[in-house]
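Coordinates from target-v2.txt are shown below (compact mmCIF, N, CA and C atoms).
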# COMPACT_ATOMS: atom_id res chain seq x y z
N GLN A 1 91.23 122.01 86.63
CA GLN A 1 91.09 120.81 85.80
C GLN A 1 92.22 119.85 86.14
N LEU A 2 91.81 118.61 86.43
CA LEU A 2 92.82 117.60 86.73
C LEU A 2 93.62 117.28 85.50
N GLN A 3 94.92 117.32 85.64
CA GLN A 3 95.79 116.95 84.53
C GLN A 3 96.97 116.16 85.07
N LEU A 4 97.22 115.03 84.45
CA LEU A 4 98.37 114.19 84.80
C LEU A 4 99.26 114.06 83.57
N VAL A 5 100.56 114.10 83.80
CA VAL A 5 101.52 114.01 82.71
C VAL A 5 102.42 112.81 82.95
N GLU A 6 102.45 111.91 81.96
CA GLU A 6 103.25 110.71 82.04
C GLU A 6 104.62 110.93 81.39
N SER A 7 105.64 110.27 81.93
CA SER A 7 106.98 110.33 81.34
C SER A 7 107.75 109.09 81.72
N GLY A 8 108.88 108.88 81.05
CA GLY A 8 109.78 107.79 81.41
C GLY A 8 109.77 106.60 80.48
N GLY A 9 108.92 106.63 79.47
CA GLY A 9 108.89 105.52 78.53
C GLY A 9 110.13 105.48 77.65
N GLY A 10 110.21 104.43 76.84
CA GLY A 10 111.35 104.30 75.94
C GLY A 10 111.40 102.93 75.33
N LEU A 11 112.50 102.67 74.65
CA LEU A 11 112.76 101.39 74.02
C LEU A 11 113.69 100.59 74.92
N VAL A 12 113.32 99.38 75.22
CA VAL A 12 114.12 98.55 76.10
C VAL A 12 114.08 97.11 75.60
N GLN A 13 115.15 96.39 75.84
CA GLN A 13 115.20 94.98 75.45
C GLN A 13 114.42 94.13 76.44
N PRO A 14 113.94 92.96 75.99
CA PRO A 14 113.29 92.04 76.93
C PRO A 14 114.17 91.77 78.13
N GLY A 15 113.55 91.76 79.30
CA GLY A 15 114.30 91.59 80.54
C GLY A 15 114.75 92.89 81.16
N GLY A 16 114.62 93.98 80.44
CA GLY A 16 115.06 95.29 80.94
C GLY A 16 114.04 95.93 81.87
N SER A 17 114.39 97.14 82.30
CA SER A 17 113.56 97.87 83.26
C SER A 17 113.33 99.31 82.81
N LEU A 18 112.21 99.85 83.24
CA LEU A 18 111.90 101.26 83.06
C LEU A 18 111.13 101.73 84.29
N ARG A 19 111.25 103.02 84.59
CA ARG A 19 110.42 103.61 85.63
C ARG A 19 109.63 104.75 85.02
N LEU A 20 108.33 104.62 85.09
CA LEU A 20 107.44 105.67 84.60
C LEU A 20 107.05 106.60 85.74
N SER A 21 106.84 107.85 85.39
CA SER A 21 106.39 108.85 86.37
C SER A 21 105.09 109.47 85.90
N CYS A 22 104.27 109.82 86.86
CA CYS A 22 102.97 110.45 86.60
C CYS A 22 102.90 111.67 87.52
N ALA A 23 103.00 112.85 86.94
CA ALA A 23 103.04 114.09 87.72
C ALA A 23 101.72 114.84 87.58
N ALA A 24 101.25 115.37 88.68
CA ALA A 24 99.98 116.10 88.68
C ALA A 24 100.21 117.58 88.45
N SER A 25 99.26 118.19 87.78
CA SER A 25 99.31 119.63 87.52
C SER A 25 97.99 120.23 87.91
N GLY A 26 98.03 121.26 88.76
CA GLY A 26 96.81 121.98 89.09
C GLY A 26 96.00 121.40 90.21
N PHE A 27 96.47 120.30 90.80
CA PHE A 27 95.76 119.73 91.93
C PHE A 27 96.73 118.85 92.69
N THR A 28 96.35 118.46 93.90
CA THR A 28 97.20 117.56 94.67
C THR A 28 96.68 116.14 94.56
N LEU A 29 97.63 115.22 94.44
CA LEU A 29 97.28 113.82 94.21
C LEU A 29 96.76 113.10 95.45
N ASP A 30 97.02 113.66 96.62
CA ASP A 30 96.81 112.85 97.82
C ASP A 30 95.34 112.56 98.11
N GLY A 31 94.44 113.15 97.34
CA GLY A 31 93.03 112.84 97.53
C GLY A 31 92.52 111.75 96.61
N TYR A 32 93.42 111.19 95.79
CA TYR A 32 92.96 110.28 94.74
C TYR A 32 93.73 108.97 94.74
N GLY A 33 92.99 107.89 94.44
CA GLY A 33 93.66 106.70 93.98
C GLY A 33 94.13 106.96 92.56
N ILE A 34 95.31 106.48 92.22
CA ILE A 34 95.87 106.72 90.88
C ILE A 34 96.21 105.38 90.24
N GLY A 35 95.78 105.22 89.03
CA GLY A 35 96.03 103.99 88.32
C GLY A 35 96.91 104.19 87.10
N TRP A 36 97.58 103.13 86.72
CA TRP A 36 98.31 103.07 85.45
C TRP A 36 97.53 102.17 84.50
N PHE A 37 97.45 102.59 83.26
CA PHE A 37 96.77 101.86 82.20
C PHE A 37 97.71 101.75 81.01
N ARG A 38 97.42 100.81 80.13
CA ARG A 38 98.21 100.71 78.91
C ARG A 38 97.31 100.29 77.76
N GLN A 39 97.75 100.69 76.58
CA GLN A 39 97.01 100.33 75.38
C GLN A 39 97.99 99.89 74.31
N ALA A 40 97.88 98.65 73.91
CA ALA A 40 98.70 98.11 72.84
C ALA A 40 97.99 98.36 71.51
N PRO A 41 98.74 98.38 70.41
CA PRO A 41 98.12 98.61 69.10
C PRO A 41 97.01 97.60 68.83
N GLY A 42 95.85 98.10 68.44
CA GLY A 42 94.73 97.23 68.10
C GLY A 42 94.00 96.63 69.27
N LYS A 43 94.36 97.02 70.48
CA LYS A 43 93.73 96.46 71.67
C LYS A 43 93.10 97.56 72.52
N GLU A 44 92.21 97.16 73.39
CA GLU A 44 91.58 98.11 74.29
C GLU A 44 92.55 98.47 75.43
N ARG A 45 92.32 99.62 75.98
CA ARG A 45 93.12 100.04 77.14
C ARG A 45 92.78 99.16 78.33
N GLU A 46 93.81 98.78 79.08
CA GLU A 46 93.60 97.91 80.25
C GLU A 46 94.28 98.50 81.47
N GLY A 47 93.69 98.23 82.61
CA GLY A 47 94.25 98.72 83.87
C GLY A 47 95.40 97.85 84.32
N VAL A 48 96.53 98.46 84.60
CA VAL A 48 97.74 97.75 84.99
C VAL A 48 97.93 97.74 86.51
N SER A 49 97.66 98.87 87.14
CA SER A 49 97.89 98.95 88.58
C SER A 49 97.03 100.05 89.17
N CYS A 50 96.92 100.00 90.49
CA CYS A 50 96.20 101.04 91.22
C CYS A 50 96.91 101.26 92.54
N ALA A 51 97.11 102.52 92.92
CA ALA A 51 97.70 102.87 94.21
C ALA A 51 96.71 103.74 94.96
N SER A 52 96.36 103.35 96.17
CA SER A 52 95.39 104.11 96.94
C SER A 52 95.95 105.48 97.31
N ARG A 53 95.09 106.34 97.81
CA ARG A 53 95.47 107.74 98.06
C ARG A 53 96.65 107.86 99.00
N ASN A 54 96.81 106.93 99.93
CA ASN A 54 97.96 107.00 100.84
C ASN A 54 99.04 105.97 100.49
N GLY A 55 98.83 105.26 99.39
CA GLY A 55 99.80 104.27 98.95
C GLY A 55 99.76 102.96 99.72
N GLY A 56 98.85 102.85 100.67
CA GLY A 56 98.82 101.66 101.51
C GLY A 56 98.17 100.46 100.86
N SER A 57 97.41 100.68 99.82
CA SER A 57 96.74 99.58 99.12
C SER A 57 97.06 99.68 97.64
N VAL A 58 97.55 98.59 97.08
CA VAL A 58 97.87 98.56 95.66
C VAL A 58 97.32 97.27 95.08
N ASN A 59 97.02 97.29 93.80
CA ASN A 59 96.68 96.05 93.12
C ASN A 59 97.20 96.08 91.69
N TYR A 60 97.31 94.90 91.09
CA TYR A 60 97.96 94.76 89.78
C TYR A 60 97.21 93.81 88.88
N LEU A 61 97.34 94.06 87.60
CA LEU A 61 96.92 93.13 86.58
C LEU A 61 97.72 91.84 86.78
N ASP A 62 97.07 90.69 86.63
CA ASP A 62 97.76 89.43 86.91
C ASP A 62 99.05 89.27 86.12
N SER A 63 99.06 89.70 84.88
CA SER A 63 100.22 89.46 84.02
C SER A 63 101.44 90.29 84.41
N VAL A 64 101.27 91.27 85.28
CA VAL A 64 102.42 92.09 85.69
C VAL A 64 102.80 91.88 87.15
N LYS A 65 102.03 91.08 87.85
CA LYS A 65 102.34 90.84 89.26
C LYS A 65 103.73 90.24 89.40
N GLY A 66 104.48 90.75 90.38
CA GLY A 66 105.84 90.28 90.60
C GLY A 66 106.88 90.98 89.74
N ARG A 67 106.44 91.74 88.73
CA ARG A 67 107.37 92.45 87.86
C ARG A 67 107.21 93.97 87.96
N PHE A 68 106.01 94.43 88.16
CA PHE A 68 105.73 95.87 88.23
C PHE A 68 105.42 96.26 89.67
N THR A 69 105.85 97.47 90.02
CA THR A 69 105.55 98.01 91.34
C THR A 69 105.14 99.47 91.20
N THR A 70 103.98 99.78 91.76
CA THR A 70 103.55 101.17 91.75
C THR A 70 103.76 101.78 93.13
N SER A 71 104.16 103.02 93.15
CA SER A 71 104.38 103.73 94.40
C SER A 71 104.04 105.19 94.18
N ARG A 72 103.98 105.91 95.26
CA ARG A 72 103.67 107.32 95.13
C ARG A 72 104.41 108.12 96.17
N ASP A 73 104.73 109.37 95.80
CA ASP A 73 105.35 110.32 96.70
C ASP A 73 104.45 111.54 96.67
N ASN A 74 103.56 111.61 97.63
CA ASN A 74 102.60 112.72 97.63
C ASN A 74 103.28 114.07 97.86
N SER A 75 104.43 114.05 98.50
CA SER A 75 105.15 115.32 98.70
C SER A 75 105.67 115.88 97.39
N LYS A 76 105.87 114.98 96.42
CA LYS A 76 106.31 115.42 95.09
C LYS A 76 105.15 115.40 94.09
N ASN A 77 103.96 115.06 94.60
CA ASN A 77 102.78 115.03 93.73
C ASN A 77 102.98 114.12 92.53
N THR A 78 103.60 112.98 92.77
CA THR A 78 103.98 112.08 91.68
C THR A 78 103.71 110.63 92.06
N VAL A 79 103.28 109.87 91.06
CA VAL A 79 103.10 108.43 91.20
C VAL A 79 104.03 107.74 90.21
N TYR A 80 104.56 106.61 90.59
CA TYR A 80 105.55 105.90 89.78
C TYR A 80 105.08 104.50 89.42
N LEU A 81 105.64 103.98 88.34
CA LEU A 81 105.45 102.59 87.99
C LEU A 81 106.82 102.04 87.62
N GLN A 82 107.37 101.22 88.50
CA GLN A 82 108.64 100.55 88.24
C GLN A 82 108.34 99.25 87.51
N MET A 83 108.92 99.09 86.35
CA MET A 83 108.66 97.91 85.52
C MET A 83 109.95 97.15 85.33
N ASN A 84 110.00 95.94 85.82
CA ASN A 84 111.17 95.08 85.70
C ASN A 84 110.85 93.86 84.86
N ASN A 85 111.90 93.22 84.37
CA ASN A 85 111.73 92.00 83.57
C ASN A 85 110.68 92.21 82.48
N LEU A 86 110.84 93.28 81.74
CA LEU A 86 109.86 93.63 80.72
C LEU A 86 109.81 92.59 79.61
N LYS A 87 108.62 92.41 79.08
CA LYS A 87 108.37 91.44 78.01
C LYS A 87 107.80 92.16 76.79
N PRO A 88 107.96 91.59 75.61
CA PRO A 88 107.41 92.24 74.42
C PRO A 88 105.92 92.54 74.55
N GLU A 89 105.19 91.71 75.26
CA GLU A 89 103.75 91.94 75.41
C GLU A 89 103.43 93.11 76.34
N ASP A 90 104.43 93.69 76.96
CA ASP A 90 104.23 94.91 77.76
C ASP A 90 104.25 96.17 76.89
N THR A 91 104.57 96.00 75.63
CA THR A 91 104.62 97.14 74.72
C THR A 91 103.27 97.84 74.61
N GLY A 92 103.32 99.17 74.64
CA GLY A 92 102.09 99.95 74.50
C GLY A 92 102.30 101.37 74.97
N VAL A 93 101.24 102.15 74.88
CA VAL A 93 101.26 103.49 75.44
C VAL A 93 100.69 103.40 76.86
N TYR A 94 101.43 103.94 77.79
CA TYR A 94 101.07 103.87 79.21
C TYR A 94 100.52 105.22 79.65
N TYR A 95 99.42 105.15 80.37
CA TYR A 95 98.73 106.33 80.86
C TYR A 95 98.51 106.21 82.37
N CYS A 96 98.38 107.34 83.02
CA CYS A 96 97.92 107.32 84.41
C CYS A 96 96.63 108.13 84.49
N ALA A 97 95.85 107.82 85.51
CA ALA A 97 94.55 108.48 85.63
C ALA A 97 94.06 108.37 87.07
N PRO A 98 93.24 109.32 87.49
CA PRO A 98 92.59 109.18 88.79
C PRO A 98 91.53 108.08 88.71
N MET A 99 91.36 107.37 89.81
CA MET A 99 90.45 106.23 89.83
C MET A 99 89.11 106.60 90.46
N THR A 100 88.12 105.76 90.20
CA THR A 100 86.82 105.99 90.79
C THR A 100 86.86 105.78 92.30
N SER A 101 87.76 104.95 92.77
CA SER A 101 87.92 104.69 94.20
C SER A 101 89.26 105.23 94.68
N SER A 102 89.25 105.86 95.84
CA SER A 102 90.50 106.34 96.44
C SER A 102 91.30 105.22 97.06
N TRP A 103 90.65 104.04 97.24
CA TRP A 103 91.26 102.99 98.05
C TRP A 103 91.65 101.74 97.30
N CYS A 104 91.43 101.69 95.99
CA CYS A 104 91.91 100.58 95.17
C CYS A 104 91.51 99.21 95.71
N PRO A 105 90.23 98.90 95.73
CA PRO A 105 89.82 97.56 96.14
C PRO A 105 90.45 96.50 95.26
N GLU A 106 90.66 95.32 95.81
CA GLU A 106 91.30 94.23 95.09
C GLU A 106 90.66 94.02 93.73
N SER A 107 91.51 93.90 92.71
CA SER A 107 91.10 93.61 91.34
C SER A 107 90.29 94.73 90.69
N THR A 108 90.23 95.88 91.32
CA THR A 108 89.46 96.99 90.78
C THR A 108 90.39 98.07 90.25
N ARG A 109 90.28 98.31 88.95
CA ARG A 109 91.10 99.35 88.32
C ARG A 109 90.23 100.08 87.29
N VAL A 110 89.45 101.01 87.80
CA VAL A 110 88.51 101.74 86.96
C VAL A 110 88.82 103.22 87.06
N ALA A 111 89.07 103.83 85.92
CA ALA A 111 89.40 105.25 85.90
C ALA A 111 88.14 106.10 86.01
N ASP A 112 88.33 107.28 86.54
CA ASP A 112 87.26 108.27 86.58
C ASP A 112 86.81 108.55 85.15
N GLU A 113 85.55 108.29 84.85
CA GLU A 113 85.07 108.40 83.46
C GLU A 113 85.09 109.84 82.95
N GLU A 114 85.19 110.79 83.83
CA GLU A 114 85.21 112.19 83.39
C GLU A 114 86.63 112.69 83.14
N TYR A 115 87.61 111.88 83.42
CA TYR A 115 89.00 112.31 83.24
C TYR A 115 89.34 112.37 81.75
N ALA A 116 89.99 113.45 81.37
CA ALA A 116 90.45 113.60 79.99
C ALA A 116 91.87 113.04 79.89
N TRP A 117 92.01 111.92 79.22
CA TRP A 117 93.29 111.22 79.17
C TRP A 117 94.39 112.09 78.57
N GLY A 118 95.60 111.94 79.12
CA GLY A 118 96.74 112.66 78.61
C GLY A 118 97.35 111.96 77.40
N GLN A 119 98.56 112.37 77.06
CA GLN A 119 99.23 111.83 75.87
C GLN A 119 99.82 110.46 76.11
N GLY A 120 100.09 110.14 77.35
CA GLY A 120 100.72 108.86 77.65
C GLY A 120 102.20 108.87 77.32
N THR A 121 102.85 107.76 77.62
CA THR A 121 104.26 107.59 77.30
C THR A 121 104.44 106.21 76.68
N GLN A 122 105.19 106.17 75.58
CA GLN A 122 105.34 104.94 74.81
C GLN A 122 106.39 104.04 75.45
N VAL A 123 106.02 102.78 75.63
CA VAL A 123 106.96 101.75 76.09
C VAL A 123 107.05 100.70 74.99
N THR A 124 108.26 100.46 74.53
CA THR A 124 108.48 99.45 73.50
C THR A 124 109.52 98.46 74.00
N VAL A 125 109.12 97.20 74.03
CA VAL A 125 110.03 96.14 74.49
C VAL A 125 110.35 95.28 73.28
N SER A 126 111.60 95.35 72.84
CA SER A 126 111.98 94.67 71.61
C SER A 126 113.48 94.49 71.57
N LEU A 127 113.91 93.46 70.83
CA LEU A 127 115.35 93.25 70.65
C LEU A 127 115.91 94.31 69.72
What's the C-alpha cells form of this structure?
Amino acid sequence: QLQLVESGGGLVQPGGSLRLSCAASGFTLDGYGIGWFRQAPGKEREGVSCASRNGGSVNYLDSVKGRFTTSRDNSKNTVYLQMNNLKPEDTGVYYCAPMTSSWCPESTRVADEEYAWGQGTQVTVSL
C-alpha cells in the first residue's frame, strides 16, 4: 500500500521559509510523479506543485511561482517543497500524493484518486 508521510510544517512569520519533506513507505518513489497539495480552513484542497518521476519536469500553482521549489531525491525516497517568502495566504495543511501522470504536464496537478491521503503537515504563516 502506497503511503507518504509529510513533515516539516510549523509556524513562521510572513517572509519566512520552511522546507517540507514527503517520505515514502513501502514503495519506491521513482516510478511516480509526486505532487504537493494544500487545504486552507473552509476551502477545497488545491494542487501546489508537481515533480515528475525523474524530477526533470515540475509545475506550480501560479500564486506560488517564484517562491516555492519542489525537488526530489529518489535515493532517499523523498520529495521536498522549499517554501520561501511565505505569506499568510499560504497557511493550510500540506499534503503530498502520487499523481495520475508520472511526467507532470504543464498546469496539471491531479492526484491519484485511489490514494488514501495522509495526515499532512500544518503550515501557519502569521505574525
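Of note, atom CA of Val93 of chain A and atom N of Trp117 of chain A are spaced 13.1 Å apart.
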*Please indicate the distance in Å from atom C of Phe68 of chain A to atom C of Leu18 of chain A, rounded to one decimal place.*
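Separating atom C of Phe68 of chain A from atom C of Leu18 of chain A is a distance of 9.6 Å.
Taking atom C of Glu46 of chain A as the reference point, atom N of Ser107 of chain A is found at 12.5 Å.
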_Pick from A:Glu89, A:Asp30, A:Asp62, A:Glu44, whichever lies nearest to Glu106 of chain A using only C-alpha atoms_ = A:Asp62
*Which residue gives the smallest distance to Gly47 of chain A among A:Leu29, A:Leu61, A:Leu81, A:Ala97, with only C-alpha atoms counted?*
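For Gly47 of chain A, the nearest of the given residues is A:Leu61.
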